[in-house]
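A.B. asks: Pasting a structure below so you can have a look.
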Amino acid sequence: MKNQNNKKNQPLVSVIMPVYNAGSFLVEAIESILNQTYKNFEFIIVDDASTDNSWEIIKKYNKKYSKKIKAYRLSKTLNRGGDACANYALKKAKGKYIARMDADDISHPERLEKQVKFLQKNKNVWLVGSNAWVIDKKGKKIGEKKVPTSYQEIYKQYFIFHPIIHPSVMFKSKINGKKFFYPKKFSANNDYYIFFKLLVTKGFIFANLSDKLLFYRIHGKNDTFSKIKEKFLNTLKIRLLMVKAGYEPKINQWIINFFQAILFLIFPEKILKYIYLLSRGILKKEKLLNIIKLTFKNSIKIPKKLIRLAYS
């Protein structure tokens, strides 16, 4: 009877949130999870040895919501991005489903409710993400991130870009009865690697909801914009690994990869940041061309077709 009661009392969802020096946005992130319409969840926050006031904020919420929030602070930063820190949270997680959350983003109040309903209805789906609004550091909407919703399109797009917005995902906590953990194969991009691998080698089904259930914040210090060239090299390696594993890209996918590589060779990282924003529909092409002209003082002319082809 005790085991049955324990199972009944266990949360269905474990929301896991790695934190590193996110004090400026942390309150909004935490509040957005606490204010979810769906209530059967635990909230696991892991502070990756932040040097700002993040831990003080986390402790305050942990004290106030001790039954809902589990807070942990690492004595030394894992320094491998959010995935390594997330693994610590995954060890503690009890839920059937895992919801990823970033400490600088905001979740829509109905995010968990809609994703749980989808996974409960579609038993063959292992992971579900969503579209997202893009906001600036003040919370103002500045664009949107759109990703394919069907499994077929997601599978097709994986060889061109990551068609999953990572902090929007909810997935099953176990694979063949064993807990899921992120691999530590690359310095970054391990979420791209493991999700792509599960698609190709395990035949797992992914989906994205068309609803914008996340407010994805761009504030200049996002991990996405650090070491961009290194991360792109990781993605190329991952794509080649997946070809060896059985993924069969079309000719046009190879061509797009080729032009992406040219762009990453030509431009410095500060320009690649803006090309990324263009590829996500956040930045207008005209503004990007003006930025390029200012950066290179009109010494280099970049054909619009090259940028359009690489991220079409």
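We name chains A, B, ... following the order of the structure tokens; residues begin at 1 in each chain, and ligands are numbered from 1 as shown.
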Excluding A:Val15 and its own-chain neighbours fewer than 6 positions away, which residues fall within 9 Å of it when counting only C-alpha atoms? Please give them as a list in words.
C.D. replies: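 Here the qualifying residues turn out to be Ile33, Phe41, Glu42, Phe43, Ile44, Ile45, Ala93, Gly95, Tyr97, Ile98, Ala99, Arg100, Met101 and Met170 of chain A.
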A.B. asks: Write the residues you've just listed into a file as a PDB file, in the first residue's frame, and include C-alpha atoms for each of them.
C.D. replies:
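Result file follows (result_39.pdb):
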ATOM      1  CA  ILE A  33       6.415  28.047 -13.715  1.00  0.00           C
ATOM      2  CA  PHE A  41       4.622  19.058 -11.079  1.00  0.00           C
ATOM      3  CA  GLU A  42       7.822  19.428  -9.104  1.00  0.00           C
ATOM      4  CA  PHE A  43      10.225  22.250  -9.873  1.00  0.00           C
ATOM      5  CA  ILE A  44      13.917  21.337  -9.683  1.00  0.00           C
ATOM      6  CA  ILE A  45      16.326  24.279  -9.839  1.00  0.00           C
ATOM      7  CA  ALA A  93      13.532  14.037 -11.010  1.00  0.00           C
ATOM      8  CA  GLY A  95       8.149  12.770 -12.923  1.00  0.00           C
ATOM      9  CA  TYR A  97       7.657  13.727 -18.054  1.00  0.00           C
ATOM     10  CA  ILE A  98      10.551  16.200 -18.041  1.00  0.00           C
ATOM     11  CA  ALA A  99       9.953  19.841 -18.934  1.00  0.00           C
ATOM     12  CA  ARG A 100      13.071  21.864 -19.732  1.00  0.00           C
ATOM     13  CA  MET A 101      13.192  25.490 -18.717  1.00  0.00           C
ATOM     14  CA  MET A 170       8.631  18.203 -22.608  1.00  0.00           C
TER      15      MET A 170
END
A.B. asks: Would you give me, as a count of residues only, the residues in stretch 39-279 of chain A that DSSP reads as alpha helix (DSSP H)?
C.D. replies: 98
A.B. asks: With only C-alpha atoms as the basis for distance, which of A:Ile16, A:Ile256, A:Ile228, A:Ala22 is at the shortest distance from A:Lys270?
C.D. replies: A:Ile228
A.B. asks: Counting only C-alpha atoms, which residues in stretch 100-153 of chain A sit no more than 10 Å from stretch 172-193 of chain A? For each one, give the nearest pair of atoms and the distance in Å, sorted by chain then residue number, as a tab-separated table.
C.D. replies:
residue	atom	partner	partner_atom	distance
A:Leu119	CA	A:Lys172	CA	8.7
A:Val125	CA	A:Lys172	CA	8.9
A:Trp126	CA	A:Lys172	CA	5.8
A:Leu127	CA	A:Lys172	CA	6.7
A:Val128	CA	A:Lys172	CA	9.5
A.B. asks: So that I have them on file, write out the residues from the current selection with N, CA and C atoms, as an mmCIF file, in the first residue's frame.
C.D. replies:
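Output (part.cif):
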data_model
loop_
_atom_site.group_PDB
_atom_site.id
_atom_site.type_symbol
_atom_site.label_atom_id
_atom_site.label_comp_id
_atom_site.auth_asym_id
_atom_site.auth_seq_id
_atom_site.Cartn_x
_atom_site.Cartn_y
_atom_site.Cartn_z
ATOM 1 N N LEU A 119 0.913 14.771 -24.840
ATOM 2 C CA LEU A 119 1.651 13.520 -24.642
ATOM 3 C C LEU A 119 0.740 12.400 -24.130
ATOM 4 N N VAL A 125 4.384 9.590 -29.194
ATOM 5 C CA VAL A 125 5.302 10.744 -29.242
ATOM 6 C C VAL A 125 6.175 10.752 -27.995
ATOM 7 N N TRP A 126 7.486 10.866 -28.198
ATOM 8 C CA TRP A 126 8.413 10.885 -27.060
ATOM 9 C C TRP A 126 8.683 12.306 -26.573
ATOM 10 N N LEU A 127 8.682 13.257 -27.485
ATOM 11 C CA LEU A 127 9.026 14.653 -27.139
ATOM 12 C C LEU A 127 8.092 15.610 -27.847
ATOM 13 N N VAL A 128 7.687 16.646 -27.130
ATOM 14 C CA VAL A 128 6.903 17.713 -27.750
ATOM 15 C C VAL A 128 7.466 19.068 -27.335
#
A.B. asks: Within 12 Å of A:His108, counting only C-alpha atoms, which residues qualify if same-chain residues fewer than 3 places away don't, as a list of chain:residue names?
C.D. replies: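 Using only C-alpha atoms, the neighbours found are A:Glu28, A:Ala29, A:Ile30, A:Glu31, A:Ser32, A:Ile33, A:Leu34, A:Asn35, A:Gln36, A:Thr37, A:Tyr38, A:Met101, A:Asp105, A:Arg111, A:Leu112, A:Glu113, A:Lys114, A:Gln115, A:Ser130, A:Asn131, A:Ala132, A:Trp133, A:Ser168, A:Asp211, A:Lys212, A:Leu213, A:Leu214, A:Phe215, A:Tyr216.
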A.B. asks: Tell me which of A:Lys244, A:Lys229, A:Lys250, A:Lys117 sits closest to A:Pro268, counting only C-alpha atoms.
C.D. replies: A:Lys229
A.B. asks: Atom CA of A:His219 and atom CA of A:Thr235 are how many Å apart?
C.D. replies: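 Rounded to one decimal, the two atoms are 23.5 Å apart.
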A.B. asks: If we count only C-alpha atoms, what is near stretch 62-79 of chain A at a cut-off of 10 Å, once residues fewer than 2 positions away on the same chain are taken out, given as an mmCIF file with C-alpha atoms, in the first residue's frame?
C.D. replies:
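New file part-v1.cif:
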data_model
loop_
_atom_site.group_PDB
_atom_site.id
_atom_site.type_symbol
_atom_site.label_atom_id
_atom_site.label_comp_id
_atom_site.auth_asym_id
_atom_site.auth_seq_id
_atom_site.Cartn_x
_atom_site.Cartn_y
_atom_site.Cartn_z
ATOM 1 C CA PRO A 11 4.374 14.484 -9.600
ATOM 2 C CA VAL A 15 10.357 20.893 -14.495
ATOM 3 C CA ILE A 16 14.144 21.196 -14.507
ATOM 4 C CA MET A 17 15.918 24.532 -14.732
ATOM 5 C CA PRO A 18 19.705 25.000 -14.761
ATOM 6 C CA VAL A 19 20.781 28.452 -13.590
ATOM 7 C CA TYR A 20 24.003 30.345 -14.123
ATOM 8 C CA ILE A 30 10.422 31.045 -11.658
ATOM 9 C CA LEU A 34 4.718 28.581 -10.361
ATOM 10 C CA LYS A 39 -0.315 21.865 -10.937
ATOM 11 C CA ASN A 40 0.925 18.265 -10.693
ATOM 12 C CA PHE A 41 4.622 19.058 -11.079
ATOM 13 C CA GLU A 42 7.822 19.428 -9.104
ATOM 14 C CA PHE A 43 10.225 22.250 -9.873
ATOM 15 C CA ILE A 44 13.917 21.337 -9.683
ATOM 16 C CA ILE A 45 16.326 24.279 -9.839
ATOM 17 C CA VAL A 46 20.079 23.704 -9.996
ATOM 18 C CA ASP A 47 22.398 26.671 -9.543
ATOM 19 C CA ASP A 48 25.640 26.053 -11.424
ATOM 20 C CA ALA A 49 27.808 27.960 -8.895
ATOM 21 C CA SER A 50 26.538 31.384 -9.969
ATOM 22 C CA THR A 51 28.563 34.421 -8.950
ATOM 23 C CA TRP A 55 21.263 31.651 -5.444
ATOM 24 C CA GLU A 56 19.778 34.243 -3.084
ATOM 25 C CA ILE A 57 16.697 34.463 -5.305
ATOM 26 C CA ILE A 58 16.427 30.677 -5.548
ATOM 27 C CA LYS A 59 16.708 30.249 -1.760
ATOM 28 C CA LYS A 60 13.948 32.788 -1.215
ATOM 29 C CA GLY A 81 26.345 24.576 -20.643
ATOM 30 C CA GLY A 82 22.906 23.820 -19.291
ATOM 31 C CA ASP A 83 22.840 20.147 -20.300
ATOM 32 C CA ALA A 84 25.505 19.008 -17.840
ATOM 33 C CA CYS A 85 23.791 20.927 -15.066
ATOM 34 C CA TYR A 88 22.101 16.741 -12.007
ATOM 35 C CA ALA A 89 18.429 17.702 -11.960
ATOM 36 C CA LYS A 92 16.597 14.008 -8.741
ATOM 37 C CA ALA A 93 13.532 14.037 -11.010
ATOM 38 C CA SER A 187 31.487 20.940 -25.607
#
A.B. asks: Just the residues within 12 Å of A:Val147, please, counting only C-alpha atoms, with nothing from its chain fewer than 2 positions along; format it as an MDAnalysis selection string.
C.D. replies: chainID A and resid 128:133 144:145 149:151 153:158 161:166 168 206:212 279:281
A.B. asks: Using DSSP on the backbone, list every residue of stretch 78-198 of chain A that comes out as strand (DSSP E or B), and give them as a PDB file with N, CA and C atoms, in the first residue's frame.
C.D. replies:
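Now in out.pdb:
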ATOM      1  N   TYR A  97       7.255  12.809 -16.987  1.00  0.00           N
ATOM      2  CA  TYR A  97       7.657  13.727 -18.054  1.00  0.00           C
ATOM      3  C   TYR A  97       8.643  14.757 -17.511  1.00  0.00           C
ATOM      4  N   ILE A  98       9.577  15.160 -18.372  1.00  0.00           N
ATOM      5  CA  ILE A  98      10.551  16.200 -18.041  1.00  0.00           C
ATOM      6  C   ILE A  98      10.256  17.433 -18.879  1.00  0.00           C
ATOM      7  N   ALA A  99      10.112  18.571 -18.223  1.00  0.00           N
ATOM      8  CA  ALA A  99       9.953  19.841 -18.934  1.00  0.00           C
ATOM      9  C   ALA A  99      11.209  20.669 -18.728  1.00  0.00           C
ATOM     10  N   ARG A 100      11.877  21.022 -19.824  1.00  0.00           N
ATOM     11  CA  ARG A 100      13.071  21.864 -19.732  1.00  0.00           C
ATOM     12  C   ARG A 100      12.664  23.325 -19.617  1.00  0.00           C
ATOM     13  N   ILE A 106      10.554  32.807 -20.219  1.00  0.00           N
ATOM     14  CA  ILE A 106       9.267  32.818 -19.527  1.00  0.00           C
ATOM     15  C   ILE A 106       8.361  31.787 -20.188  1.00  0.00           C
ATOM     16  N   SER A 107       7.734  30.947 -19.390  1.00  0.00           N
ATOM     17  CA  SER A 107       6.781  29.975 -19.923  1.00  0.00           C
ATOM     18  C   SER A 107       5.374  30.543 -19.915  1.00  0.00           C
ATOM     19  N   VAL A 125       4.384   9.590 -29.194  1.00  0.00           N
ATOM     20  CA  VAL A 125       5.302  10.744 -29.242  1.00  0.00           C
ATOM     21  C   VAL A 125       6.175  10.752 -27.995  1.00  0.00           C
ATOM     22  N   TRP A 126       7.486  10.866 -28.198  1.00  0.00           N
ATOM     23  CA  TRP A 126       8.413  10.885 -27.060  1.00  0.00           C
ATOM     24  C   TRP A 126       8.683  12.306 -26.573  1.00  0.00           C
ATOM     25  N   LEU A 127       8.682  13.257 -27.485  1.00  0.00           N
ATOM     26  CA  LEU A 127       9.026  14.653 -27.139  1.00  0.00           C
ATOM     27  C   LEU A 127       8.092  15.610 -27.847  1.00  0.00           C
ATOM     28  N   VAL A 128       7.687  16.646 -27.130  1.00  0.00           N
ATOM     29  CA  VAL A 128       6.903  17.713 -27.750  1.00  0.00           C
ATOM     30  C   VAL A 128       7.466  19.068 -27.335  1.00  0.00           C
ATOM     31  N   GLY A 129       7.650  19.919 -28.335  1.00  0.00           N
ATOM     32  CA  GLY A 129       8.089  21.291 -28.098  1.00  0.00           C
ATOM     33  C   GLY A 129       6.988  22.245 -28.507  1.00  0.00           C
ATOM     34  N   SER A 130       7.363  23.498 -28.769  1.00  0.00           N
ATOM     35  CA  SER A 130       6.363  24.473 -29.202  1.00  0.00           C
ATOM     36  C   SER A 130       7.057  25.601 -29.954  1.00  0.00           C
ATOM     37  N   ASN A 131       6.246  26.470 -30.541  1.00  0.00           N
ATOM     38  CA  ASN A 131       6.770  27.711 -31.086  1.00  0.00           C
ATOM     39  C   ASN A 131       7.008  28.680 -29.937  1.00  0.00           C
ATOM     40  N   ALA A 132       7.595  29.845 -30.256  1.00  0.00           N
ATOM     41  CA  ALA A 132       7.915  30.782 -29.174  1.00  0.00           C
ATOM     42  C   ALA A 132       7.892  32.226 -29.654  1.00  0.00           C
ATOM     43  N   TRP A 133       7.527  33.099 -28.747  1.00  0.00           N
ATOM     44  CA  TRP A 133       7.755  34.522 -28.959  1.00  0.00           C
ATOM     45  C   TRP A 133       9.207  34.825 -28.603  1.00  0.00           C
ATOM     46  N   VAL A 134       9.796  35.794 -29.258  1.00  0.00           N
ATOM     47  CA  VAL A 134      11.134  36.268 -28.896  1.00  0.00           C
ATOM     48  C   VAL A 134      10.972  37.605 -28.191  1.00  0.00           C
ATOM     49  N   ILE A 135      11.593  37.731 -27.029  1.00  0.00           N
ATOM     50  CA  ILE A 135      11.504  38.975 -26.268  1.00  0.00           C
ATOM     51  C   ILE A 135      12.911  39.515 -26.002  1.00  0.00           C
ATOM     52  N   LYS A 141       8.213  41.996 -26.879  1.00  0.00           N
ATOM     53  CA  LYS A 141       8.232  41.094 -28.026  1.00  0.00           C
ATOM     54  C   LYS A 141       8.964  41.744 -29.195  1.00  0.00           C
ATOM     55  N   ILE A 142       9.953  41.017 -29.741  1.00  0.00           N
ATOM     56  CA  ILE A 142      10.709  41.550 -30.873  1.00  0.00           C
ATOM     57  C   ILE A 142      10.682  40.601 -32.071  1.00  0.00           C
ATOM     58  N   GLY A 143      10.009  39.478 -31.932  1.00  0.00           N
ATOM     59  CA  GLY A 143       9.946  38.530 -33.037  1.00  0.00           C
ATOM     60  C   GLY A 143       9.327  37.224 -32.586  1.00  0.00           C
ATOM     61  N   GLU A 144       9.487  36.205 -33.396  1.00  0.00           N
ATOM     62  CA  GLU A 144       8.962  34.892 -33.058  1.00  0.00           C
ATOM     63  C   GLU A 144       9.866  33.811 -33.621  1.00  0.00           C
ATOM     64  N   LYS A 145       9.871  32.671 -32.959  1.00  0.00           N
ATOM     65  CA  LYS A 145      10.616  31.505 -33.423  1.00  0.00           C
ATOM     66  C   LYS A 145       9.605  30.454 -33.851  1.00  0.00           C
ATOM     67  N   MET A 170       9.013  19.156 -23.650  1.00  0.00           N
ATOM     68  CA  MET A 170       8.631  18.203 -22.608  1.00  0.00           C
ATOM     69  C   MET A 170       8.812  16.820 -23.210  1.00  0.00           C
ATOM     70  N   PHE A 171       9.496  15.922 -22.498  1.00  0.00           N
ATOM     71  CA  PHE A 171       9.740  14.589 -23.033  1.00  0.00           C
ATOM     72  C   PHE A 171       9.617  13.544 -21.932  1.00  0.00           C
ATOM     73  N   LYS A 172       9.552  12.295 -22.343  1.00  0.00           N
ATOM     74  CA  LYS A 172       9.431  11.200 -21.386  1.00  0.00           C
ATOM     75  C   LYS A 172      10.748  11.009 -20.642  1.00  0.00           C
ATOM     76  N   LYS A 174      12.071   8.433 -19.272  1.00  0.00           N
ATOM     77  CA  LYS A 174      12.781   7.152 -19.381  1.00  0.00           C
ATOM     78  C   LYS A 174      12.799   6.627 -20.810  1.00  0.00           C
ATOM     79  N   ILE A 175      13.863   5.897 -21.107  1.00  0.00           N
ATOM     80  CA  ILE A 175      13.997   5.181 -22.381  1.00  0.00           C
ATOM     81  C   ILE A 175      14.280   3.724 -22.051  1.00  0.00           C
ATOM     82  N   LYS A 178      15.020   3.041 -18.411  1.00  0.00           N
ATOM     83  CA  LYS A 178      16.159   3.722 -17.790  1.00  0.00           C
ATOM     84  C   LYS A 178      16.026   5.238 -17.950  1.00  0.00           C
ATOM     85  N   LYS A 179      16.471   5.959 -16.926  1.00  0.00           N
ATOM     86  CA  LYS A 179      16.386   7.411 -16.957  1.00  0.00           C
ATOM     87  C   LYS A 179      17.176   8.000 -18.122  1.00  0.00           C
TER      88      LYS A 179
END
A.B. asks: Pick out the residues sitting within 10 Å of A:Lys197, and hand them over as a list in words; count only C-alpha atoms, and ignore anything fewer than 2 positions along from it in its own chain.
C.D. replies: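 With the cut-off at 10 Å, the set is Asp191, Tyr192, Tyr193, Ile194, Phe195, Leu199, Val200, Thr201, Lys202, Gly203, Phe204, Ile238, Arg239, Leu241, Met242, Ala245, Gly246 and Tyr247 of chain A.
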A.B. asks: If you keep N, CA and C atoms, can you produce a file of those selected residues as a compact mmCIF listing (two decimals), in the first residue's frame?
C.D. replies:
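Output contents, as saved in selection-v6.txt:
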# COMPACT_ATOMS: atom_id res chain seq x y z
N ASP A 191 22.21 18.48 -26.79
CA ASP A 191 20.77 18.27 -26.98
C ASP A 191 20.48 17.98 -28.45
N TYR A 192 21.13 18.72 -29.34
CA TYR A 192 20.97 18.49 -30.78
C TYR A 192 21.43 17.08 -31.15
N TYR A 193 22.55 16.69 -30.58
CA TYR A 193 23.11 15.36 -30.86
C TYR A 193 22.18 14.24 -30.40
N ILE A 194 21.75 14.29 -29.15
CA ILE A 194 20.98 13.16 -28.61
C ILE A 194 19.58 13.10 -29.21
N PHE A 195 18.96 14.25 -29.45
CA PHE A 195 17.63 14.23 -30.06
C PHE A 195 17.69 13.73 -31.50
N LEU A 199 16.02 10.18 -33.07
CA LEU A 199 15.20 10.16 -34.28
C LEU A 199 15.71 9.11 -35.27
N VAL A 200 17.03 9.12 -35.46
CA VAL A 200 17.63 8.29 -36.52
C VAL A 200 17.78 6.83 -36.08
N THR A 201 18.30 6.60 -34.89
CA THR A 201 18.64 5.24 -34.48
C THR A 201 17.53 4.53 -33.69
N LYS A 202 16.64 5.30 -33.07
CA LYS A 202 15.58 4.68 -32.26
C LYS A 202 14.20 4.83 -32.89
N GLY A 203 14.11 5.71 -33.90
CA GLY A 203 12.82 5.93 -34.54
C GLY A 203 11.82 6.66 -33.66
N PHE A 204 12.32 7.44 -32.72
CA PHE A 204 11.42 8.16 -31.82
C PHE A 204 10.65 9.23 -32.59
N ILE A 238 27.98 16.37 -35.92
CA ILE A 238 26.79 15.60 -35.55
C ILE A 238 26.03 15.16 -36.79
N ARG A 239 25.89 16.04 -37.75
CA ARG A 239 25.18 15.70 -38.99
C ARG A 239 25.88 14.56 -39.73
N LEU A 241 27.80 12.29 -38.34
CA LEU A 241 27.60 11.09 -37.53
C LEU A 241 26.23 10.47 -37.81
N MET A 242 25.23 11.33 -37.99
CA MET A 242 23.88 10.81 -38.25
C MET A 242 23.76 10.22 -39.65
N ALA A 245 24.95 6.92 -39.30
CA ALA A 245 23.99 6.12 -38.54
C ALA A 245 22.76 5.73 -39.37
N GLY A 246 22.66 6.32 -40.58
CA GLY A 246 21.54 5.93 -41.44
C GLY A 246 20.68 7.05 -41.97
N TYR A 247 20.93 8.29 -41.55
CA TYR A 247 20.14 9.42 -42.07
C TYR A 247 20.54 9.67 -43.53
